[in-house]
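K.L.:
final-v3.cif (mmCIF, C-alpha atoms) pasted underneath:
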data_entry
#
loop_
_atom_site.label_atom_id
_atom_site.label_comp_id
_atom_site.auth_asym_id
_atom_site.auth_seq_id
_atom_site.Cartn_x
_atom_site.Cartn_y
_atom_site.Cartn_z
CA MET A 57 -212.44 -149.20 31.35
CA GLU A 58 -210.41 -149.67 34.52
CA LEU A 59 -210.29 -147.65 37.72
CA LEU A 60 -207.08 -146.95 39.63
CA ARG A 61 -206.91 -145.72 43.20
CA PRO A 62 -203.48 -144.23 43.82
CA SER A 63 -202.60 -143.17 47.35
CA SER A 64 -199.82 -140.71 46.54
CA VAL A 65 -199.00 -138.10 43.91
CA GLU A 66 -195.96 -140.15 42.87
CA GLU A 67 -198.22 -142.99 41.74
CA LEU A 68 -200.08 -140.80 39.22
CA ASP A 69 -199.48 -141.97 35.67
CA GLY A 70 -202.00 -140.68 33.16
CA GLY A 71 -205.68 -141.49 32.90
CA VAL A 72 -208.74 -139.37 33.54
CA PHE A 73 -208.97 -138.04 37.07
CA VAL A 74 -212.24 -138.33 38.98
CA HIS A 75 -212.99 -137.08 42.49
CA GLY A 76 -216.62 -136.57 43.51
CA GLY A 77 -217.87 -137.66 40.10
CA THR A 78 -220.38 -134.86 39.53
CA GLU A 79 -218.42 -133.45 36.58
CA VAL A 80 -216.71 -136.49 35.10
CA VAL A 81 -219.51 -139.07 35.40
CA PRO A 82 -222.05 -137.15 33.27
CA LEU A 83 -219.38 -136.39 30.65
CA LEU A 84 -218.47 -140.07 30.44
CA ARG A 85 -222.11 -141.06 30.18
CA ASP A 86 -222.76 -138.53 27.42
CA GLY A 87 -219.70 -139.67 25.50
CA LEU A 88 -218.09 -136.24 25.73
CA LEU A 89 -215.18 -137.71 27.63
CA GLU A 90 -213.56 -141.03 26.89
CA ALA A 91 -211.39 -142.90 29.33
CA GLU A 92 -209.58 -146.21 29.19
CA THR A 93 -208.32 -145.56 32.69
CA LEU A 94 -210.15 -143.63 35.37
CA VAL A 95 -208.08 -142.49 38.33
CA ASP A 96 -209.93 -141.97 41.60
CA VAL A 97 -207.80 -139.22 43.15
CA ARG A 98 -209.57 -139.05 46.51
CA GLY A 99 -206.57 -140.73 48.12
CA VAL A 100 -204.19 -138.16 46.65
CA VAL A 101 -205.83 -134.74 46.88
CA PRO A 102 -205.76 -133.06 50.32
CA ARG A 103 -209.09 -132.34 52.00
CA GLY A 104 -209.87 -129.79 54.71
CA VAL A 105 -208.97 -126.19 55.58
CA SER A 106 -205.93 -125.08 57.55
CA ASP A 107 -204.40 -121.60 57.90
CA GLY A 108 -205.78 -120.21 54.65
CA VAL A 109 -204.91 -123.31 52.64
CA ILE A 110 -207.81 -125.40 51.35
CA GLY A 111 -207.33 -128.95 50.16
CA ALA A 112 -208.71 -129.18 46.62
CA GLY A 113 -210.58 -132.31 47.69
CA THR A 114 -212.70 -130.37 50.17
CA THR A 115 -216.32 -130.55 49.09
CA LEU A 116 -218.46 -127.50 48.41
CA GLY A 117 -220.77 -128.75 51.15
CA GLU A 118 -217.92 -128.61 53.65
CA LEU A 119 -216.88 -125.13 52.52
CA GLU A 120 -220.35 -123.60 52.66
CA VAL A 121 -220.32 -124.02 56.46
CA GLU A 122 -216.61 -123.28 56.97
CA PRO A 123 -216.32 -120.12 59.10
CA SER A 124 -212.62 -119.47 58.44
CA ILE A 125 -212.88 -118.82 54.69
CA PRO A 126 -213.82 -115.50 53.06
CA ASP A 127 -217.52 -114.75 52.65
CA ALA A 128 -217.33 -114.72 48.84
CA LEU A 129 -216.05 -118.28 48.66
CA ARG A 130 -218.47 -119.61 51.24
CA GLU A 131 -221.39 -117.94 49.49
CA ALA A 132 -220.29 -119.14 46.04
CA CYS A 133 -220.25 -122.71 47.39
CA ARG A 134 -223.61 -122.31 49.10
CA LEU A 135 -225.29 -121.00 45.95
CA ALA A 136 -223.95 -123.72 43.65
CA ALA A 137 -225.86 -126.86 42.63
CA SER A 138 -228.05 -128.86 45.02
CA PRO A 139 -227.18 -130.11 48.53
CA GLN A 140 -226.42 -133.65 47.36
CA LEU A 141 -224.08 -132.44 44.60
CA ARG A 142 -222.36 -130.02 46.96
CA ASN A 143 -221.76 -133.00 49.26
CA MET A 144 -220.01 -134.78 46.39
CA GLY A 145 -218.29 -132.12 44.28
CA SER A 146 -214.77 -131.03 45.20
CA LEU A 147 -213.30 -127.55 45.09
CA GLY A 148 -210.72 -128.60 42.50
CA GLY A 149 -213.29 -130.29 40.30
CA ASN A 150 -215.56 -127.27 40.42
CA LEU A 151 -212.81 -125.13 38.92
CA LEU A 152 -212.51 -127.53 35.99
CA GLN A 153 -216.16 -127.67 34.94
CA SER A 154 -216.76 -127.99 31.25
CA SER A 155 -218.93 -125.61 29.31
CA ARG A 156 -222.67 -125.76 29.91
CA CYS A 157 -223.29 -124.52 26.35
CA TRP A 158 -226.04 -126.74 25.00
CA TYR A 159 -224.40 -127.01 21.58
CA TRP A 160 -221.20 -128.28 23.19
CA ARG A 161 -223.16 -130.66 25.44
CA LEU A 162 -225.04 -132.03 22.43
CA ASP A 163 -221.71 -132.58 20.67
CA TYR A 164 -222.29 -130.09 17.84
CA PRO A 165 -219.06 -129.63 15.89
CA CYS A 166 -218.48 -126.27 17.56
CA ARG A 167 -215.15 -124.58 18.05
CA LEU A 168 -214.58 -126.12 21.49
CA HIS A 169 -215.03 -129.50 19.82
CA GLY A 170 -212.52 -128.53 17.12
CA GLY A 171 -215.05 -127.28 14.57
CA ASP A 172 -215.08 -124.02 12.65
CA ARG A 173 -218.08 -122.16 14.01
CA CYS A 174 -219.80 -121.17 17.22
CA HIS A 175 -223.36 -122.42 16.86
CA ALA A 176 -224.53 -120.38 19.82
CA ARG A 177 -223.60 -117.08 18.16
CA ASP A 178 -226.05 -117.71 15.32
CA GLY A 179 -228.43 -119.84 17.33
CA GLU A 180 -229.84 -119.94 20.82
CA HIS A 181 -227.63 -118.03 23.20
CA ARG A 182 -229.74 -116.56 25.98
CA GLU A 183 -227.43 -118.04 28.64
CA HIS A 184 -224.22 -117.10 26.88
CA ALA A 185 -221.39 -114.61 27.12
CA ILE A 186 -221.21 -110.83 26.96
CA PHE A 187 -217.40 -110.66 26.96
CA ALA A 188 -214.79 -112.36 24.78
CA ASN A 189 -217.53 -114.17 22.87
CA ASP A 190 -216.21 -113.83 19.33
CA PHE A 191 -214.58 -117.27 18.99
CA CYS A 192 -216.73 -119.18 21.48
CA ALA A 193 -219.75 -117.62 23.19
CA SER A 194 -220.05 -120.06 26.10
CA ALA A 195 -220.39 -118.68 29.60
CA HIS A 196 -218.21 -120.07 32.37
CA PRO A 197 -220.42 -121.82 34.94
CA SER A 198 -218.26 -121.82 38.07
CA ASP A 199 -219.33 -119.54 40.90
CA VAL A 200 -216.36 -120.75 42.92
CA ALA A 201 -213.86 -119.86 40.19
CA ALA A 202 -215.10 -116.27 40.02
CA ALA A 203 -214.85 -116.03 43.81
CA LEU A 204 -211.31 -117.38 43.88
CA VAL A 205 -210.21 -115.04 41.07
CA ALA A 206 -211.61 -112.05 42.95
CA LEU A 207 -209.95 -113.22 46.15
CA GLY A 208 -206.58 -113.46 44.42
CA ALA A 209 -206.21 -117.12 45.35
CA ARG A 210 -203.32 -119.29 44.22
CA LEU A 211 -203.29 -122.94 43.23
CA ARG A 212 -200.74 -125.64 43.89
CA THR A 213 -200.76 -128.54 41.47
CA ASN A 214 -198.53 -131.59 41.33
CA ARG A 215 -196.34 -129.58 38.92
CA ARG A 216 -196.49 -125.85 39.67
CA GLU A 217 -197.97 -122.97 41.58
CA LEU A 218 -200.11 -120.43 39.79
CA ARG A 219 -202.71 -117.76 40.32
CA VAL A 220 -206.27 -119.02 39.77
CA GLU A 221 -206.57 -116.59 36.85
CA GLU A 222 -203.65 -118.33 35.20
CA LEU A 223 -205.59 -121.60 35.23
CA TYR A 224 -207.87 -120.18 32.56
CA ARG A 225 -207.30 -119.14 28.96
CA LEU A 226 -209.60 -118.06 26.17
CA PRO A 227 -209.85 -120.70 23.46
CA ASP A 228 -208.48 -119.76 20.05
CA GLU A 229 -207.88 -121.27 16.62
CA ALA A 230 -204.64 -122.97 17.66
CA ASP A 231 -205.76 -124.23 21.08
CA ARG A 232 -209.38 -124.95 21.97
CA HIS A 233 -208.80 -125.54 25.66
CA THR A 234 -210.20 -123.17 28.27
CA THR A 235 -207.67 -124.11 30.94
CA THR A 236 -203.90 -124.25 31.02
CA LEU A 237 -203.89 -127.52 32.92
CA GLU A 238 -201.59 -130.05 31.28
CA ASP A 239 -202.27 -133.76 30.85
CA GLY A 240 -201.58 -135.43 34.16
CA GLU A 241 -201.65 -132.17 36.10
CA LEU A 242 -203.81 -132.26 39.23
CA ILE A 243 -204.90 -129.38 41.46
CA LEU A 244 -203.92 -130.16 45.05
CA GLU A 245 -204.43 -127.04 47.13
CA VAL A 246 -205.89 -123.55 47.02
CA GLU A 247 -204.13 -120.84 48.97
CA LEU A 248 -205.95 -117.69 50.02
CA PRO A 249 -204.36 -114.32 50.83
CA ASP A 250 -205.52 -112.21 53.76
CA VAL A 251 -208.86 -110.82 52.67
CA GLU A 252 -210.35 -107.75 54.35
CA ALA A 253 -213.87 -108.17 53.00
CA SER A 254 -215.57 -110.07 50.20
CA VAL A 255 -218.97 -110.78 48.72
CA TYR A 256 -220.52 -113.05 46.07
CA LEU A 257 -223.85 -112.20 44.46
CA LYS A 258 -225.59 -114.44 41.96
CA ALA A 259 -228.56 -114.07 39.67
CA MET A 260 -230.22 -117.34 38.66
CA ASP A 261 -233.20 -118.48 36.61
CA ARG A 262 -234.72 -119.73 39.84
CA LYS A 263 -233.93 -118.86 43.42
CA ARG A 264 -231.67 -121.84 44.09
CA TRP A 265 -229.73 -124.55 42.40
CA SER A 266 -228.96 -123.10 39.04
CA PHE A 267 -225.95 -121.98 37.05
CA PRO A 268 -225.25 -118.27 37.20
CA GLN A 269 -226.91 -115.95 34.73
CA VAL A 270 -224.40 -113.52 36.16
CA GLY A 271 -222.31 -114.08 39.28
CA VAL A 272 -220.30 -111.26 40.79
CA ALA A 273 -217.47 -111.71 43.27
CA ALA A 274 -215.81 -108.68 44.81
CA ALA A 275 -213.05 -108.59 47.40
CA ARG A 276 -210.97 -106.04 49.20
CA VAL A 277 -207.49 -107.50 49.24
CA GLY A 278 -204.22 -105.74 50.01
CA GLY A 279 -205.79 -102.30 49.93
CA GLY A 280 -207.36 -102.75 46.48
CA VAL A 281 -210.69 -104.06 45.24
CA ARG A 282 -210.84 -107.01 42.86
CA ILE A 283 -213.93 -107.98 40.88
CA ALA A 284 -214.56 -111.19 38.91
CA LEU A 285 -217.69 -112.42 37.14
CA ALA A 286 -219.14 -115.85 36.40
CA GLY A 287 -221.52 -116.55 33.54
CA VAL A 288 -220.37 -113.68 31.32
CA ALA A 289 -217.40 -115.03 29.31
CA PRO A 290 -215.96 -118.42 28.31
CA ILE A 291 -213.73 -118.19 31.39
CA PRO A 292 -214.07 -116.41 34.75
CA TRP A 293 -213.90 -112.75 33.84
CA ARG A 294 -212.03 -110.14 35.81
CA ILE A 295 -212.88 -106.47 35.50
CA ASP A 296 -211.06 -103.51 37.07
CA SER A 297 -214.11 -101.40 37.75
CA ILE A 298 -217.83 -101.16 37.09
CA GLU A 299 -217.03 -98.92 34.12
CA ALA A 300 -215.31 -101.86 32.43
CA LEU A 301 -218.79 -103.26 31.79
CA ASP A 302 -219.09 -100.58 29.11
CA ASN A 303 -216.67 -102.67 27.04
CA ALA A 304 -218.99 -105.68 26.93
CA THR A 305 -219.89 -107.11 23.51
CA PRO A 306 -223.25 -108.78 24.16
CA LEU A 307 -224.97 -110.88 21.54
CA PRO A 308 -228.54 -109.97 20.51
CA ARG A 309 -230.07 -112.21 23.15
CA THR A 310 -227.49 -111.71 25.89
CA GLU A 311 -227.93 -107.95 26.14
CA TRP A 312 -230.19 -108.49 29.13
CA LYS A 313 -227.19 -109.68 31.12
CA LEU A 314 -225.47 -106.31 30.95
CA PRO A 315 -227.82 -104.30 33.20
CA LEU A 316 -227.96 -107.33 35.48
CA ALA A 317 -224.17 -107.36 35.75
CA ARG A 318 -224.11 -103.61 36.30
CA ALA A 319 -226.62 -103.85 39.14
CA LEU A 320 -224.87 -106.76 40.82
CA VAL A 321 -221.40 -105.20 40.57
CA GLY A 322 -222.77 -101.95 42.01
CA ARG A 323 -224.45 -103.82 44.84
CA ALA A 324 -221.35 -105.93 45.54
CA LEU A 325 -219.11 -102.86 45.72
CA ALA A 326 -221.58 -101.12 48.03
CA GLN A 327 -221.53 -104.15 50.32
CA LEU A 328 -217.74 -104.00 50.54
CA ASP A 329 -217.89 -100.46 51.94
CA MET B 269 -213.66 -154.98 39.36
CA ASP B 270 -214.32 -156.32 42.84
CA VAL B 271 -216.53 -154.08 44.91
CA SER B 272 -217.56 -154.66 48.50
CA VAL B 273 -220.17 -152.41 50.07
CA THR B 274 -222.37 -152.55 53.10
CA VAL B 275 -225.93 -151.61 52.29
CA ASN B 276 -228.38 -151.21 55.16
CA GLY B 277 -226.12 -153.35 57.32
CA THR B 278 -225.64 -156.21 54.85
CA THR B 279 -222.29 -156.64 53.11
CA TYR B 280 -222.31 -157.39 49.39
CA ALA B 281 -219.28 -158.36 47.30
CA ARG B 282 -219.72 -158.21 43.55
CA ASP B 283 -217.71 -157.98 40.36
CA VAL B 284 -218.73 -154.63 38.87
CA GLU B 285 -218.06 -153.02 35.51
CA PRO B 286 -216.24 -149.74 36.37
CA ARG B 287 -218.62 -147.68 34.23
CA LYS B 288 -221.69 -148.79 36.19
CA LEU B 289 -223.42 -146.09 38.21
CA LEU B 290 -224.13 -146.69 41.88
CA ILE B 291 -227.89 -146.41 41.30
CA HIS B 292 -227.78 -149.17 38.67
CA PHE B 293 -225.64 -151.31 40.95
CA LEU B 294 -228.13 -150.92 43.79
CA ARG B 295 -231.17 -151.59 41.65
CA ASP B 296 -229.95 -154.15 39.11
CA ASP B 297 -227.18 -156.04 40.93
CA LEU B 298 -228.48 -155.92 44.49
CA ASP B 299 -232.19 -155.80 43.61
CA LEU B 300 -232.71 -152.84 45.94
CA THR B 301 -235.24 -151.03 43.80
CA GLY B 302 -236.45 -148.59 46.45
CA SER B 303 -234.10 -145.88 45.16
CA HIS B 304 -235.57 -144.54 41.94
CA ILE B 305 -234.05 -143.29 38.71
CA GLY B 306 -235.89 -140.11 37.82
CA CYS B 307 -233.69 -138.09 35.52
CA ASP B 308 -230.37 -139.92 35.44
CA THR B 309 -228.65 -136.52 35.18
CA GLY B 310 -228.12 -135.43 38.77
CA ASN B 311 -231.13 -133.17 38.83
CA CYS B 312 -234.18 -134.77 40.37
CA GLY B 313 -232.81 -136.41 43.54
CA ALA B 314 -235.04 -139.52 43.35
CA CYS B 315 -231.88 -141.66 43.59
CA SER B 316 -230.59 -139.98 46.78
CA VAL B 317 -228.85 -142.35 49.18
CA ILE B 318 -226.54 -141.86 52.15
CA VAL B 319 -222.93 -142.96 51.60
CA ASP B 320 -220.71 -143.00 54.69
CA GLY B 321 -223.08 -140.60 56.38
CA VAL B 322 -223.26 -138.15 53.46
CA LEU B 323 -226.33 -137.58 51.29
CA VAL B 324 -225.49 -138.05 47.60
CA LYS B 325 -227.20 -138.59 44.25
CA SER B 326 -226.35 -142.15 43.30
CA CYS B 327 -226.67 -141.47 39.55
CA MET B 328 -223.61 -139.22 39.73
CA LEU B 329 -221.33 -141.73 41.39
CA LEU B 330 -219.74 -144.84 39.96
CA ALA B 331 -220.38 -147.99 41.95
CA VAL B 332 -216.63 -148.63 42.13
CA GLN B 333 -216.19 -145.26 43.84
CA ALA B 334 -218.34 -146.57 46.68
CA ASP B 335 -216.11 -149.60 47.27
CA GLY B 336 -215.70 -150.09 51.01
CA ALA B 337 -218.48 -147.66 51.84
CA SER B 338 -221.45 -148.03 54.11
CA ILE B 339 -224.60 -147.15 52.17
CA GLU B 340 -228.10 -146.46 53.42
CA THR B 341 -231.08 -146.62 51.10
CA VAL B 342 -234.77 -146.09 51.69
CA GLU B 343 -235.20 -149.82 52.34
CA GLY B 344 -233.00 -149.48 55.41
CA ILE B 345 -234.54 -146.60 57.30
CA SER B 346 -237.49 -148.41 58.86
CA GLU B 347 -236.90 -149.80 62.32
CA ASN B 348 -237.80 -153.44 63.06
CA GLY B 349 -240.29 -153.45 60.25
CA GLU B 350 -242.06 -150.36 61.61
CA LEU B 351 -242.29 -147.09 59.74
CA THR B 352 -240.07 -144.39 61.17
CA PRO B 353 -241.81 -141.30 62.58
CA LEU B 354 -240.77 -139.51 59.38
CA GLN B 355 -242.31 -142.18 57.15
CA GLN B 356 -245.45 -142.20 59.31
CA SER B 357 -245.61 -138.43 58.99
CA PHE B 358 -245.36 -138.64 55.19
CA ASN B 359 -248.35 -140.98 55.35
CA GLU B 360 -250.37 -138.75 57.67
CA HIS B 361 -249.63 -135.53 55.78
CA HIS B 362 -250.28 -137.00 52.33
CA ALA B 363 -246.71 -136.15 51.45
CA LEU B 364 -246.75 -138.39 48.42
CA GLN B 365 -248.96 -138.42 45.37
CA CYS B 366 -247.43 -140.61 42.68
CA GLY B 367 -244.67 -141.57 45.09
CA TYR B 368 -241.84 -141.46 42.61
CA CYS B 369 -239.81 -138.83 44.43
CA THR B 370 -240.60 -140.24 47.88
CA PRO B 371 -237.48 -142.40 48.40
CA GLY B 372 -235.25 -139.42 47.67
CA MET B 373 -237.34 -137.05 49.77
CA LEU B 374 -237.20 -139.49 52.68
CA MET B 375 -233.43 -139.84 52.42
CA SER B 376 -232.86 -136.08 52.23
CA ALA B 377 -235.14 -135.51 55.21
CA THR B 378 -233.55 -138.40 57.11
CA ALA B 379 -230.10 -136.90 56.55
CA LEU B 380 -231.36 -133.51 57.70
CA LEU B 381 -232.99 -134.76 60.88
CA ARG B 382 -229.95 -136.81 61.78
CA ASP B 383 -227.72 -133.70 61.65
CA ASN B 384 -230.31 -131.33 63.02
CA ALA B 385 -233.26 -132.68 65.01
CA SER B 386 -234.81 -129.22 65.30
CA PRO B 387 -234.52 -127.64 61.85
CA SER B 388 -236.12 -124.30 61.14
CA ASP B 389 -238.59 -123.92 58.27
CA ALA B 390 -235.78 -122.48 56.14
CA GLU B 391 -233.47 -125.36 56.99
CA ILE B 392 -236.13 -127.91 55.99
CA LYS B 393 -236.68 -126.16 52.66
CA LYS B 394 -232.95 -125.97 52.05
CA ALA B 395 -232.50 -129.66 52.82
CA LEU B 396 -235.13 -130.55 50.23
CA GLN B 397 -233.75 -128.21 47.55
CA GLY B 398 -232.12 -131.02 45.62
CA ASN B 399 -235.26 -133.12 45.25
CA ILE B 400 -237.88 -132.53 42.60
CA CYS B 401 -241.50 -133.62 43.08
CA ARG B 402 -243.09 -133.83 39.65
CA CYS B 403 -246.57 -133.77 41.23
CA THR B 404 -245.44 -130.45 42.79
CA GLY B 405 -246.63 -131.64 46.19
CA TYR B 406 -243.91 -129.80 48.02
CA TRP B 407 -246.03 -128.23 50.71
CA ASN B 408 -247.23 -131.51 52.20
CA ILE B 409 -243.71 -132.89 52.09
CA PHE B 410 -242.50 -129.82 53.98
CA GLU B 411 -245.34 -130.21 56.50
CA ALA B 412 -244.52 -133.89 57.02
CA VAL B 413 -240.89 -133.10 57.82
CA LYS B 414 -241.83 -130.14 59.99
CA ALA B 415 -244.22 -132.30 62.02
CA VAL B 416 -241.41 -134.60 63.17
CA ALA B 417 -238.88 -131.82 63.75
CA LYS B 418 -238.43 -131.32 67.47
#
Just give me the structure as structure tokens.
P.N.:
Amino acid sequence: MELLRPSSVEELDGGVFVHGGTEVVPLLRDGLLEAETLVDVRGVVPRGVSDGVIGAGTTLGELEVEPSIPDALREACRLAASPQLRNMGSLGGNLLQSSRCWYWRLDYPCRLHGGDRCHARDGEHREHAIFANDFCASAHPSDVAAALVALGARLRTNRRELRVEELYRLPDEADRHTTTLEDGELILEVELPDVEASVYLKAMDRKRWSFPQVGVAAARVGGGVRIALAGVAPIPWRIDSIEALDNATPLPRTEWKLPLARALVGRALAQLD
Amino acid sequence: MDVSVTVNGTTYARDVEPRKLLIHFLRDDLDLTGSHIGCDTGNCGACSVIVDGVLVKSCMLLAVQADGASIETVEGISENGELTPLQQSFNEHHALQCGYCTPGMLMSATALLRDNASPSDAEIKKALQGNICRCTGYWNIFEAVKAVAK
């Protein structure tokens, strides 16, 4: 394995990108990701916040104390991981976290690994999804992604601009990926609209430093209210209203997440008023 | 791959396999075994070190990513061979039982006190969130840090 350290976007030429290391290093170690060439992109990806544009290389630790960003994003950063990991992990990397499903992590031949069944559906799935869980029942772990979806943020990559929602896709038979990112595509910046008010609420197994059982981001943007949830579907999950929770399809041992989601969405909307 | 780092003020140049973690580089290549490997999965914080002024878990970082960096480990925090007030306080408050988590706890508390010499109780607890004590001796650790907070 070799490591490259490009200093400009133009120098990018394949390989596996690594920034803080908190996502890629464990995947490499567990053999879930293989790389002949690692590309340290810290010299390429912008870092820092300026006029509503956040460099994707800004760490969660920097964002959790950044006064100029919306409350939902700051809170989502603050409630993620542990202090050391927030000091390392970048905003862009956080959006690209792999599934925390234990079957996927243990390399079961599940659908995300190209297999023909979701082991969680029949097996242990307490942490799993209550929406869109027919093909793959994993629950998206990123607090930050839910916040950015609710805020209506946009991404700039080295190839295109897109809404954060458009970064994600539900896996299906033909394509097992959960993002639309192409090989060689790198998130460079996150752009935020003017946000009137926003909130992020998170239920965890313990008080701190845990993936979301359910995370709820709500934002008042452009006169409307946007809601997005973490930990409830294989990708960050947007709902139009609290009533949309009635359409959930929980598994036998994820039913407990539904009243939790209902309570958190209700509380988040009340806090926006 | 050539890596040059400064650890506790001493510069080391070594040829490092890119897949090697920083914690293994520190312990196996540089023989700095003060930083411990507890979980090897980014959870326990026993391997916490300070890289370019930032507290990190050295099991989640490749050694080659630290090329050019200035690193501080638990071996480097004492002053002229004397325990720092924080280390002395850990001693006085019995803030270690088996001692396995202590290097990481000391580095997290050192990083805290450097940024904020007068942390509140909540700020101390938050700063130690990423460190697990398997003896569950958290209270004495908290008391030791609190005692040296101004």
K.L.:
Using all atoms listed in the file, which protein or nucleic acid residues come within 8 Å of B:Pro353? Drop anything in the same chain fewer than 3 positions from it, and give the result as number ranges by chain.
P.N.:
B: 356-357, 416
K.L.:
Using only C-alpha atoms, what table do you get, as a Markdown table, when you list each residue of chain A with an atom no more than 6 Å from chain B, its nearest pair of atoms, and their distance in Å rounded to one decimal, rows by chain then rising number?
P.N.:
| residue | atom | partner | partner_atom | distance |
| --- | --- | --- | --- | --- |
| A:Gly77 | CA | B:Leu329 | CA | 5.5 |
| A:Thr78 | CA | B:Met328 | CA | 5.4 |
| A:Val81 | CA | B:Met328 | CA | 6.0 |
| A:Ser138 | CA | B:Gly398 | CA | 4.6 |
| A:Pro139 | CA | B:Gly398 | CA | 5.8 |
| A:Gln140 | CA | B:Val324 | CA | 4.5 |
K.L.:
Could you tell me which residues the PyMOL selection byres ((chain A and resi 155) around 7) returns for this structure, as a PyMOL selection string?
P.N.:
chain A and resi 153-154+156-157+194+196-197
K.L.:
Of the residues B:Thr278, B:Thr341, B:Asn359, B:Ser272, which is the one nearest to B:Leu300, using all atoms listed in the file?
P.N.:
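That would be B:Thr341, the residue with the smallest distance to B:Leu300.
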K.L.:
Evaluating the PyMOL selection byres ((chain B and resi 402) around 10) on the displayed file yields which residues, as number ranges by chain?
P.N.:
B: 306, 312, 365-369, 399-401, 403-406
K.L.:
Please evaluate the PyMOL selection byres ((chain B and resi 270) around 8) against the displayed coordinates and give the resulting residues as a PyMOL selection string.
P.N.:
chain B and resi 269+271-272+281-284
K.L.:
From the list A:Asp228, A:Glu120, A:Asp296, A:Asp86, which residue is nearest A:Ala206 when using all atoms listed in the file?
P.N.:
A:Asp296
K.L.:
Using only C-alpha atoms, pick whichever of B:Thr279, B:Asp297, B:Ala377, B:Asn384 has the shortest atom-to-atom distance to B:Ser338.
P.N.:
B:Thr279
K.L.:
Name the closest residue to B:Glu340 among the candidates B:Asn276, B:Ala379, B:Thr301, B:Asp296; distances are taken between atoms, counting only C-alpha atoms.
P.N.:
B:Asn276
K.L.:
Give me, please, the distance in Å between atom CA of A:Pro62 and atom CA of A:Arg98, quoted to one decimal.
P.N.:
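Spanning atom CA of A:Pro62 to atom CA of A:Arg98 is a straight-line distance of 8.4 Å.
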K.L.:
How would stretch 83-94 of chain A of the given structure read as a file with N, CA and C atoms, as a PDB file, in the first residue's frame?
P.N.:
ATOM      1  N   LEU A  83     -12.013   0.639   8.671  1.00  0.00           N
ATOM      2  CA  LEU A  83     -12.472  -0.210   7.566  1.00  0.00           C
ATOM      3  C   LEU A  83     -11.305  -0.949   6.920  1.00  0.00           C
ATOM      4  N   LEU A  84     -10.181  -0.262   6.801  1.00  0.00           N
ATOM      5  CA  LEU A  84      -8.982  -0.919   6.259  1.00  0.00           C
ATOM      6  C   LEU A  84      -8.529  -2.044   7.175  1.00  0.00           C
ATOM      7  N   ARG A  85      -8.536  -1.745   8.468  1.00  0.00           N
ATOM      8  CA  ARG A  85      -8.042  -2.715   9.442  1.00  0.00           C
ATOM      9  C   ARG A  85      -8.929  -3.955   9.473  1.00  0.00           C
ATOM     10  N   ASP A  86     -10.246  -3.731   9.314  1.00  0.00           N
ATOM     11  CA  ASP A  86     -11.178  -4.856   9.352  1.00  0.00           C
ATOM     12  C   ASP A  86     -11.287  -5.574   8.009  1.00  0.00           C
ATOM     13  N   GLY A  87     -10.557  -5.082   7.015  1.00  0.00           N
ATOM     14  CA  GLY A  87     -10.602  -5.734   5.706  1.00  0.00           C
ATOM     15  C   GLY A  87     -11.873  -5.451   4.932  1.00  0.00           C
ATOM     16  N   LEU A  88     -12.661  -4.471   5.361  1.00  0.00           N
ATOM     17  CA  LEU A  88     -13.891  -4.140   4.648  1.00  0.00           C
ATOM     18  C   LEU A  88     -13.623  -3.178   3.496  1.00  0.00           C
ATOM     19  N   LEU A  89     -12.433  -2.606   3.521  1.00  0.00           N
ATOM     20  CA  LEU A  89     -12.022  -1.696   2.458  1.00  0.00           C
ATOM     21  C   LEU A  89     -10.610  -2.095   2.080  1.00  0.00           C
ATOM     22  N   GLU A  90     -10.367  -2.202   0.789  1.00  0.00           N
ATOM     23  CA  GLU A  90      -9.021  -2.537   0.339  1.00  0.00           C
ATOM     24  C   GLU A  90      -8.475  -1.394  -0.497  1.00  0.00           C
ATOM     25  N   ALA A  91      -7.212  -1.094  -0.297  1.00  0.00           N
ATOM     26  CA  ALA A  91      -6.626   0.026  -1.022  1.00  0.00           C
ATOM     27  C   ALA A  91      -5.182  -0.279  -1.395  1.00  0.00           C
ATOM     28  N   GLU A  92      -4.883  -0.179  -2.673  1.00  0.00           N
ATOM     29  CA  GLU A  92      -3.488  -0.200  -3.106  1.00  0.00           C
ATOM     30  C   GLU A  92      -2.867   1.169  -2.863  1.00  0.00           C
ATOM     31  N   THR A  93      -3.708   2.197  -3.124  1.00  0.00           N
ATOM     32  CA  THR A  93      -3.239   3.565  -2.980  1.00  0.00           C
ATOM     33  C   THR A  93      -4.175   4.334  -2.065  1.00  0.00           C
ATOM     34  N   LEU A  94      -3.647   4.855  -0.999  1.00  0.00           N
ATOM     35  CA  LEU A  94      -4.400   5.755  -0.125  1.00  0.00           C
ATOM     36  C   LEU A  94      -4.027   7.185  -0.511  1.00  0.00           C
TER      37      LEU A  94
END
